[in-house]
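As structure tokens, the structure follows; a few thoughts come after it.
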Amino acid sequence: MNIETKVVKVYNYSSYDENKDELMHFGWVHTEDTEVHEGRGYKPAYVMARDKNMPNYAAITALEKHYFNLKHTKKTYTPMEASNVLLAFVAFIIPGVLYVTFKSKQKKRIKEHNAAAQKQMDEIVAKAKLLL
């Protein structure tokens, strides 16, 4: 057997299981928890492994790469700060209206973009499940 391994550092404990589950959709299996040296200390990590000789390996790795590329295109929305809105309205009414309008449209665009990316990511996971 030709085994491929990956050590994944844990940066956010709240998404620990979610990250593992995402990798498992593409044939990865959790093998152990460990620690890796980082800076002056150690960071928790986990080791994932998969067989390179599994059927459809090339297609699964291509889907995995596409999935994570889409995941990295997701954007985050920073909400309006009350102080900016108040300042814009106090200084001039028009800049305040423009700022609120801009932030509202930005939020809608980001939400639509992330929904489209998530839909594509879900389709990729469905294709990968068929190949496993």
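We name chains A, B, ... following the order of the structure tokens; residues begin at 1 in each chain, and ligands are numbered from 1 as shown.
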Select from region 48-91 of chain A every residue with an atom at most 7 Å from any atom of region 121-130 of chain A, then for each give the shortest pair of atoms and their distance in Å to one decimal, using only C-alpha atoms, rows by chain and rising number, as a tab-separated table.
```
residue	atom	partner	partner_atom	distance
A:Ile60	CA	A:Ala128	CA	5.9
A:Leu63	CA	A:Ile124	CA	6.2
A:Tyr67	CA	A:Met121	CA	5.4
A:Leu70	CA	A:Met121	CA	6.8
```
10 Å contact set for region 16-21 of chain A, only C-alpha atoms, chain neighbours under 4 positions out, as a list of chain:residue names: A:Val8, A:Lys9, A:Val10, A:Tyr11, A:Asn12, A:His25, A:Phe26, A:Trp28, A:Val29, A:His30, A:Ala45, A:Tyr46, A:Val47, A:Met48
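Nearest-residue note for Ala58 (chain A): choosing from A:Phe92, A:Ile110, A:Ala115, A:Gly27, the minimum distance belongs to A:Gly27, counting only C-alpha atoms.
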Two-atom distance - CA of Thr34 (chain A), CA of Lys52 (chain A) (Å): 22.7 Å
Within 12 Å of Phe89 (chain A) using only C-alpha atoms, minus same-chain residues under 6 positions, as a VMD selection string: chain A and resid 82 to 83 95 to 100
Sel. of helix (DSSP H, G or I) residues, chain A, as a PyMOL selection string: chain A and resi 13-24+57-73+82-91+93-131
